[in-house]
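Text of the file protein_14.tsv, holding TSV, C-alpha atoms:
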chain	number	residue	atom	x	y	z
A	6	SER	CA	-31.28	-62.12	21.54
A	7	GLN	CA	-33.59	-64.56	23.35
A	8	GLN	CA	-34.98	-62.80	26.40
A	9	ASP	CA	-37.01	-65.64	27.90
A	10	SER	CA	-34.67	-68.63	27.55
A	11	GLY	CA	-31.06	-69.56	28.14
A	12	THR	CA	-28.94	-70.04	31.27
A	13	LEU	CA	-28.69	-67.74	34.26
A	14	SER	CA	-25.25	-68.15	35.87
A	15	ILE	CA	-25.19	-67.13	39.54
A	16	ALA	CA	-22.02	-66.81	41.60
A	17	THR	CA	-22.63	-66.79	45.33
A	18	THR	CA	-21.52	-68.09	48.70
A	19	HIS	CA	-22.68	-71.32	50.31
A	20	THR	CA	-24.93	-69.52	52.80
A	21	GLN	CA	-26.75	-67.63	50.05
A	22	ALA	CA	-27.08	-70.71	47.84
A	23	ARG	CA	-28.27	-72.94	50.66
A	24	TYR	CA	-30.59	-70.67	52.65
A	25	VAL	CA	-31.58	-67.62	50.60
A	26	LEU	CA	-31.75	-68.43	46.89
A	27	PRO	CA	-33.88	-71.61	46.61
A	28	GLU	CA	-37.27	-69.88	46.77
A	29	PHE	CA	-36.13	-67.15	44.35
A	30	VAL	CA	-34.65	-69.63	41.88
A	31	ALA	CA	-37.96	-71.50	42.02
A	32	GLY	CA	-39.79	-68.22	41.41
A	33	LEU	CA	-37.63	-67.44	38.39
A	34	ARG	CA	-38.16	-70.92	36.94
A	35	GLN	CA	-41.90	-70.48	37.34
A	36	GLN	CA	-41.77	-67.13	35.56
A	37	PHE	CA	-39.26	-68.25	32.90
A	38	PRO	CA	-39.61	-72.05	32.50
A	39	LYS	CA	-37.14	-72.08	29.59
A	40	VAL	CA	-34.36	-70.58	31.71
A	41	ASN	CA	-31.86	-72.96	33.30
A	42	VAL	CA	-29.87	-71.92	36.37
A	43	SER	CA	-26.18	-72.58	36.97
A	44	LEU	CA	-25.02	-72.04	40.56
A	45	HIS	CA	-21.34	-71.36	41.29
A	46	GLN	CA	-20.54	-71.49	45.03
A	47	ALA	CA	-17.35	-69.73	46.03
A	48	ALA	CA	-15.66	-67.30	48.41
A	49	PRO	CA	-16.72	-63.65	47.99
A	50	ALA	CA	-13.47	-62.71	46.21
A	51	GLN	CA	-13.99	-65.60	43.80
A	52	VAL	CA	-17.59	-64.49	43.23
A	53	ALA	CA	-16.27	-61.09	42.14
A	54	ARG	CA	-13.67	-62.70	39.86
A	55	MET	CA	-16.32	-64.90	38.20
A	56	LEU	CA	-18.33	-61.78	37.35
A	57	ILE	CA	-15.29	-59.95	36.00
A	58	ASP	CA	-14.27	-62.99	33.93
A	59	GLU	CA	-17.90	-63.36	32.70
A	60	ILE	CA	-18.26	-66.86	34.10
A	61	ALA	CA	-21.34	-65.61	35.96
A	62	GLU	CA	-23.85	-62.88	35.15
A	63	ILE	CA	-25.02	-62.03	38.65
A	64	GLY	CA	-23.25	-62.30	42.00
A	65	ILE	CA	-24.69	-62.32	45.52
A	66	ALA	CA	-22.50	-61.96	48.62
A	67	THR	CA	-21.99	-59.79	51.67
A	68	GLU	CA	-18.26	-59.07	51.52
A	69	SER	CA	-15.89	-57.71	48.88
A	70	LEU	CA	-18.23	-57.08	45.96
A	71	SER	CA	-18.25	-53.31	46.41
A	72	ASP	CA	-14.43	-53.24	46.40
A	73	TYR	CA	-14.14	-53.87	42.65
A	74	PRO	CA	-14.47	-50.91	40.23
A	75	GLU	CA	-15.32	-53.37	37.43
A	76	LEU	CA	-18.57	-54.24	39.20
A	77	ILE	CA	-21.88	-52.50	39.81
A	78	THR	CA	-23.26	-53.44	43.23
A	79	LEU	CA	-26.80	-52.90	44.47
A	80	PRO	CA	-28.40	-53.60	47.87
A	81	CYS	CA	-30.11	-56.95	48.26
A	82	TYR	CA	-31.19	-57.36	51.89
A	83	GLU	CA	-29.97	-56.67	55.43
A	84	TRP	CA	-29.24	-59.42	57.94
A	85	GLN	CA	-27.67	-60.02	61.35
A	86	HIS	CA	-25.66	-62.73	63.03
A	87	VAL	CA	-27.22	-65.00	65.63
A	88	LEU	CA	-25.76	-67.08	68.44
A	89	VAL	CA	-26.44	-70.81	68.42
A	90	LEU	CA	-26.01	-72.77	71.65
A	91	PRO	CA	-26.86	-76.26	72.90
A	92	LYS	CA	-30.01	-76.13	75.00
A	93	ASP	CA	-28.12	-77.27	78.11
A	94	HIS	CA	-25.32	-74.70	77.73
A	95	PRO	CA	-25.06	-72.32	80.76
A	96	LEU	CA	-25.30	-69.27	78.49
A	97	ALA	CA	-28.56	-70.54	76.99
A	98	LYS	CA	-30.31	-69.40	80.18
A	99	ILE	CA	-29.27	-65.78	79.57
A	100	GLU	CA	-31.61	-63.87	77.27
A	101	GLN	CA	-29.29	-60.94	76.51
A	102	LEU	CA	-25.68	-62.04	76.17
A	103	GLU	CA	-22.73	-59.64	76.09
A	104	LEU	CA	-19.40	-59.88	74.26
A	105	ALA	CA	-17.65	-60.50	77.57
A	106	ASP	CA	-19.79	-63.62	78.08
A	107	LEU	CA	-18.77	-64.94	74.66
A	108	ALA	CA	-15.08	-64.11	75.08
A	109	ASN	CA	-14.82	-66.75	77.80
A	110	GLU	CA	-16.23	-69.49	75.56
A	111	PRO	CA	-14.80	-71.40	72.58
A	112	ILE	CA	-16.43	-69.94	69.47
A	113	ILE	CA	-17.34	-71.70	66.23
A	114	THR	CA	-17.93	-69.37	63.33
A	115	TYR	CA	-17.09	-68.50	59.73
A	116	HIS	CA	-13.72	-68.31	58.04
A	117	PRO	CA	-12.47	-64.68	57.98
A	118	SER	CA	-13.38	-64.20	54.30
A	119	PHE	CA	-17.01	-65.34	54.68
A	120	THR	CA	-20.41	-64.17	55.86
A	121	GLY	CA	-19.66	-60.99	57.78
A	122	ARG	CA	-16.82	-62.45	59.86
A	123	THR	CA	-14.98	-59.11	59.77
A	124	ARG	CA	-17.81	-57.52	61.77
A	125	ILE	CA	-17.43	-60.17	64.46
A	126	ASP	CA	-13.68	-59.58	64.74
A	127	LYS	CA	-14.11	-55.79	64.80
A	128	ALA	CA	-16.73	-55.97	67.56
A	129	PHE	CA	-14.45	-57.97	69.85
A	130	ALA	CA	-11.48	-55.72	69.05
A	131	ALA	CA	-13.50	-52.57	69.80
A	132	ALA	CA	-14.39	-54.07	73.20
A	133	HIS	CA	-10.70	-54.95	73.78
A	134	LEU	CA	-11.56	-58.63	73.94
A	135	THR	CA	-9.86	-61.58	72.26
A	136	PRO	CA	-12.31	-64.31	71.23
A	137	ARG	CA	-11.33	-67.97	71.51
A	138	ILE	CA	-11.99	-69.19	67.98
A	139	ALA	CA	-12.17	-72.96	68.35
A	140	LEU	CA	-13.21	-73.73	64.77
A	141	GLU	CA	-13.66	-71.82	61.52
A	142	ALA	CA	-15.80	-73.05	58.62
A	143	ILE	CA	-17.39	-71.76	55.42
A	144	ASP	CA	-20.54	-73.83	55.85
A	145	SER	CA	-23.25	-72.89	58.35
A	146	ASP	CA	-24.39	-76.52	58.59
A	147	VAL	CA	-20.88	-77.54	59.65
A	148	ILE	CA	-20.88	-74.86	62.37
A	149	LYS	CA	-24.23	-76.07	63.73
A	150	THR	CA	-23.02	-79.68	63.70
A	151	TYR	CA	-20.03	-78.86	65.90
A	152	VAL	CA	-22.18	-76.75	68.21
A	153	ARG	CA	-24.41	-79.80	68.70
A	154	LEU	CA	-21.30	-81.78	69.63
A	155	GLY	CA	-20.60	-79.29	72.42
A	156	LEU	CA	-17.41	-77.81	70.95
A	157	GLY	CA	-18.48	-74.23	71.52
A	158	VAL	CA	-20.89	-71.37	70.89
A	159	GLY	CA	-21.80	-70.87	67.23
A	160	ILE	CA	-22.07	-67.53	65.46
A	161	VAL	CA	-23.90	-67.86	62.15
A	162	ALA	CA	-26.01	-65.80	59.75
A	163	GLU	CA	-29.66	-65.54	60.74
A	164	MET	CA	-30.67	-67.12	57.40
A	165	ALA	CA	-28.92	-70.32	58.48
A	166	VAL	CA	-31.20	-70.98	61.46
A	167	ARG	CA	-34.50	-70.94	59.60
A	168	ASP	CA	-34.39	-74.72	59.40
A	169	ILE	CA	-33.85	-75.26	63.14
A	170	THR	CA	-37.07	-76.90	64.26
A	171	ASP	CA	-35.69	-79.23	66.93
A	172	THR	CA	-35.27	-78.39	70.59
A	173	ASP	CA	-31.58	-79.18	71.08
A	174	LEU	CA	-30.36	-75.72	69.99
A	175	VAL	CA	-31.11	-72.24	71.32
A	176	VAL	CA	-30.86	-69.21	69.02
A	177	ARG	CA	-30.20	-65.65	70.21
A	178	PRO	CA	-30.13	-62.58	67.89
A	179	ALA	CA	-26.73	-60.87	67.91
A	180	GLY	CA	-27.22	-57.77	65.78
A	181	ARG	CA	-26.87	-55.68	68.93
A	182	LEU	CA	-23.38	-57.11	69.42
A	183	PHE	CA	-22.05	-57.32	65.87
A	184	GLY	CA	-24.14	-54.84	63.90
A	185	HIS	CA	-26.04	-55.54	60.70
A	186	ASN	CA	-24.73	-56.72	57.36
A	187	LEU	CA	-25.82	-55.88	53.82
A	188	ALA	CA	-25.93	-58.59	51.17
A	189	ARG	CA	-25.33	-57.16	47.72
A	190	ILE	CA	-26.22	-58.02	44.15
A	191	ALA	CA	-23.44	-57.41	41.63
A	192	PHE	CA	-23.13	-57.25	37.85
A	193	LYS	CA	-20.13	-56.63	35.62
A	194	ARG	CA	-20.02	-53.03	34.43
A	195	HIS	CA	-20.97	-52.60	30.74
A	196	ALA	CA	-22.17	-56.23	30.50
A	197	TYR	CA	-25.10	-57.10	28.25
A	198	LEU	CA	-27.66	-58.87	30.43
A	199	ARG	CA	-30.89	-60.46	29.32
A	200	GLN	CA	-34.20	-59.48	30.84
A	201	PHE	CA	-34.49	-62.52	33.07
A	202	VAL	CA	-31.26	-61.53	34.87
A	203	TYR	CA	-32.84	-58.25	35.95
A	204	GLU	CA	-36.10	-60.03	36.78
A	205	PHE	CA	-34.20	-62.34	39.12
A	206	ALA	CA	-32.59	-59.35	40.84
A	207	GLN	CA	-36.06	-57.86	41.31
A	208	LEU	CA	-37.23	-61.08	42.93
A	209	LEU	CA	-34.37	-60.72	45.43
A	210	ASN	CA	-35.12	-57.04	46.06
A	211	PRO	CA	-38.51	-55.80	44.79
A	212	GLU	CA	-37.37	-52.19	45.24
A	213	LEU	CA	-34.94	-52.56	42.33
A	214	ASN	CA	-36.13	-51.48	38.90
A	215	ALA	CA	-35.09	-53.38	35.78
A	216	GLN	CA	-34.70	-50.26	33.62
A	217	ASP	CA	-32.70	-48.45	36.29
A	218	MET	CA	-30.44	-51.48	36.74
A	219	ALA	CA	-29.82	-51.76	33.01
A	220	ALA	CA	-28.96	-48.05	32.82
A	221	THR	CA	-26.61	-48.34	35.80
A	222	VAL	CA	-24.79	-51.35	34.35
A	223	ALA	CA	-24.38	-49.57	31.01
A	224	ARG	CA	-22.59	-46.56	32.53
I need this file expressed as structure tokens, please.
Amino acid sequence: SQQDSGTLSIATTHTQARYVLPEFVAGLRQQFPKVNVSLHQAAPAQVARMLIDEIAEIGIATESLSDYPELITLPCYEWQHVLVLPKDHPLAKIEQLELADLANEPIITYHPSFTGRTRIDKAFAAAHLTPRIALEAIDSDVIKTYVRLGLGVGIVAEMAVRDITDTDLVVRPAGRLFGHNLARIAFKRHAYLRQFVYEFAQLLNPELNAQDMAATVAR
């Protein structure tokens, strides 16, 4: 019955937890200082399962969430992949790279179940190209580390390059190659959620309305 205190349990992927959520969690804590936050980092399918099993109240991920009839999913924000290359890499001199350029290079990117990887695979397949996946990871920081070591060209979410302030890496937008992705907010259908849960969702996407969300979840 307490609407301004308690624990907000969030299930999300590493990329969301590391690069997207910190400022919004801070905003929620400022608005509701009595609310504690519990972060559960997992694969998208596990995020969905945590919501269904009521381990978490709100889920944020790009993949899978809309595949579960037990969940209500709402748009959060749109994002694209970017290419990350060492500054001295030959492709770093090319402003507009094509898939054929990338197909000849070892690629370091996400595990198939994470962060829009399916769009990457589909883009290469549509172009009848087979990428050389040198390393797969679930952590954007790991991908950037191996790119710095010269193991290949990195493909990461654009959120993951906001902290690149040095000059040893070059970033190129890749939405033209791989399309755009939609991160989603999810709740369990028919769940009772306190007001601060909806307020947090509104921080993530100001276009969402708390009353409309509550009505949608109740259906």
With all atoms listed in the file as the counted atoms, please give the residues lying no more than 7 Å from Ala188 of chain A, apart from itself and same-chain residues fewer than 3 positions off, as a list in words.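 Contacts, with the query itself left out: Ile65, Ala66, Thr67, Pro80, Cys81, Tyr82 and Glu83 of chain A.
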Find the residues of segment 32-139 of chain A that sit at most 8 Å from segment 143-162 of chain A; for each, write down the nearest two atoms and how far apart they are in Å, to one decimal. Count only C-alpha atoms. Sort by chain, then by number going up, and give it as a Markdown table.
| residue | atom | partner | partner_atom | distance |
| --- | --- | --- | --- | --- |
| A:Trp84 | CA | A:Ala162 | CA | 7.4 |
| A:Gln85 | CA | A:Ala162 | CA | 6.2 |
| A:His86 | CA | A:Ala162 | CA | 4.5 |
| A:Val87 | CA | A:Val161 | CA | 5.6 |
| A:Leu88 | CA | A:Ile160 | CA | 4.8 |
| A:Val89 | CA | A:Gly159 | CA | 4.8 |
| A:Leu90 | CA | A:Val158 | CA | 5.4 |
| A:Pro91 | CA | A:Arg153 | CA | 6.0 |
| A:Leu107 | CA | A:Val158 | CA | 7.7 |
| A:Glu110 | CA | A:Gly157 | CA | 6.6 |
| A:Pro111 | CA | A:Gly157 | CA | 4.8 |
| A:Ile112 | CA | A:Val158 | CA | 4.9 |
| A:Ile113 | CA | A:Gly159 | CA | 4.6 |
| A:Thr114 | CA | A:Ile160 | CA | 5.0 |
| A:Tyr115 | CA | A:Ile143 | CA | 5.4 |
| A:His116 | CA | A:Ile143 | CA | 5.7 |
| A:Phe119 | CA | A:Ile143 | CA | 6.5 |
| A:Thr120 | CA | A:Ala162 | CA | 7.0 |
| A:Ala139 | CA | A:Gly157 | CA | 7.2 |
Name the residues, using the chain letters and numbers of the file, that sit within 12 Å of (-27.6, -71.3, 51.0) when counting all atoms listed in the file, and give them as a short mmCIF file (atom, residue, chain, number, x, y, z; two decimals) with C-alpha atoms, keeping the file's coordinate frame.
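Contents of the output file selection-v2.cif:
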data_model
loop_
_atom_site.label_atom_id
_atom_site.label_comp_id
_atom_site.auth_asym_id
_atom_site.auth_seq_id
_atom_site.Cartn_x
_atom_site.Cartn_y
_atom_site.Cartn_z
CA ALA A 16 -22.02 -66.81 41.60
CA THR A 17 -22.63 -66.79 45.33
CA THR A 18 -21.52 -68.09 48.70
CA HIS A 19 -22.68 -71.32 50.31
CA THR A 20 -24.93 -69.52 52.80
CA GLN A 21 -26.75 -67.63 50.05
CA ALA A 22 -27.08 -70.71 47.84
CA ARG A 23 -28.27 -72.94 50.66
CA TYR A 24 -30.59 -70.67 52.65
CA VAL A 25 -31.58 -67.62 50.60
CA LEU A 26 -31.75 -68.43 46.89
CA PRO A 27 -33.88 -71.61 46.61
CA GLU A 28 -37.27 -69.88 46.77
CA PHE A 29 -36.13 -67.15 44.35
CA VAL A 30 -34.65 -69.63 41.88
CA LEU A 44 -25.02 -72.04 40.56
CA HIS A 45 -21.34 -71.36 41.29
CA GLN A 46 -20.54 -71.49 45.03
CA ALA A 47 -17.35 -69.73 46.03
CA ILE A 65 -24.69 -62.32 45.52
CA ALA A 66 -22.50 -61.96 48.62
CA THR A 120 -20.41 -64.17 55.86
CA ILE A 143 -17.39 -71.76 55.42
CA ASP A 144 -20.54 -73.83 55.85
CA SER A 145 -23.25 -72.89 58.35
CA ASP A 146 -24.39 -76.52 58.59
CA ALA A 162 -26.01 -65.80 59.75
CA GLU A 163 -29.66 -65.54 60.74
CA MET A 164 -30.67 -67.12 57.40
CA ALA A 165 -28.92 -70.32 58.48
CA VAL A 166 -31.20 -70.98 61.46
CA ARG A 167 -34.50 -70.94 59.60
CA ASP A 168 -34.39 -74.72 59.40
#
Find the residues near segment 70-77 of chain A: any atom within 6 Å, counting all atoms listed in the file, skip ones fewer than 3 places away on the same chain, and give them as a ChimeraX atom specification. /A:53,191-194
Atom pair atom CA of Tyr203 of chain A / atom CA of Leu33 of chain A: separation (Å):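 Separation between atom CA of Tyr203 of chain A and atom CA of Leu33 of chain A: 10.6 Å.
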I want to know what sits within 9 Å of Asn41 of chain A, based on all atoms listed in the file, with residues of the same chain fewer than 2 positions away left out; could you give that as a VMD selection string? chain A and resid 10 to 14 34 37 to 39 43
Atomic separation - atom CA of Leu134 of chain A relative to atom CA of Leu96 of chain A, Å: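 Atom-to-atom, atom CA of Leu96 of chain A to atom CA of Leu134 of chain A, that is 18.0 Å.
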When distances are computed from only C-alpha atoms, which of A:Ala50, A:Ile169, A:Leu187, A:Leu79 shows the smallest separation from Leu213 of chain A? A:Leu79
What is the atom CA of Leu182 of chain A to atom CA of Ala105 of chain A distance in Å?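 If I compute the distance from atom CA of Leu182 of chain A to atom CA of Ala105 of chain A, I get 10.5 Å.
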Selected residue, from A:Ala179, A:Leu104, A:Ala196, A:Ala142, that lies nearest to Pro117 of chain A when counting all atoms listed in the file: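 Looking at the shortest contact to Pro117 of chain A, the residue is A:Ala142.
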Which residue out of A:Ala108, A:Ser118, A:Gln35, A:Phe201 has the minimum interatomic distance to His133 of chain A when all atoms listed in the file are used? A:Ala108
Using only C-alpha atoms: which of A:Asn109, A:Ala130, A:Gln207, A:His94 has the shortest distance to Ile190 of chain A: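 Closest residue, counting only C-alpha atoms: A:Gln207.
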Return the padded bounding box of segment 31-34 of chain A as JSON: axis-aligned, built from all atoms listed in the file, 4 Å added on each side, with centre and edge lengths in Å to one decimal.
{"center_x": -38.7, "center_y": -69.5, "center_z": 39.5, "size_x": 10.2, "size_y": 12.1, "size_z": 13.1}
For each of A:Glu59, A:Glu204, A:Asp93, A:Asp126, take the minimum atom-to-atom distance to Gly184 of chain A, counting only C-alpha atoms, then give the residue where this is smallest.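 Looking only at the distances to Gly184 of chain A, the closest residue turns out to be A:Asp126.
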Point (-26.7, -62.0, 36.5) neighbourhood (6 Å, all atoms listed in the file) written as an NGL selection string: :A and (62-63 or 202)
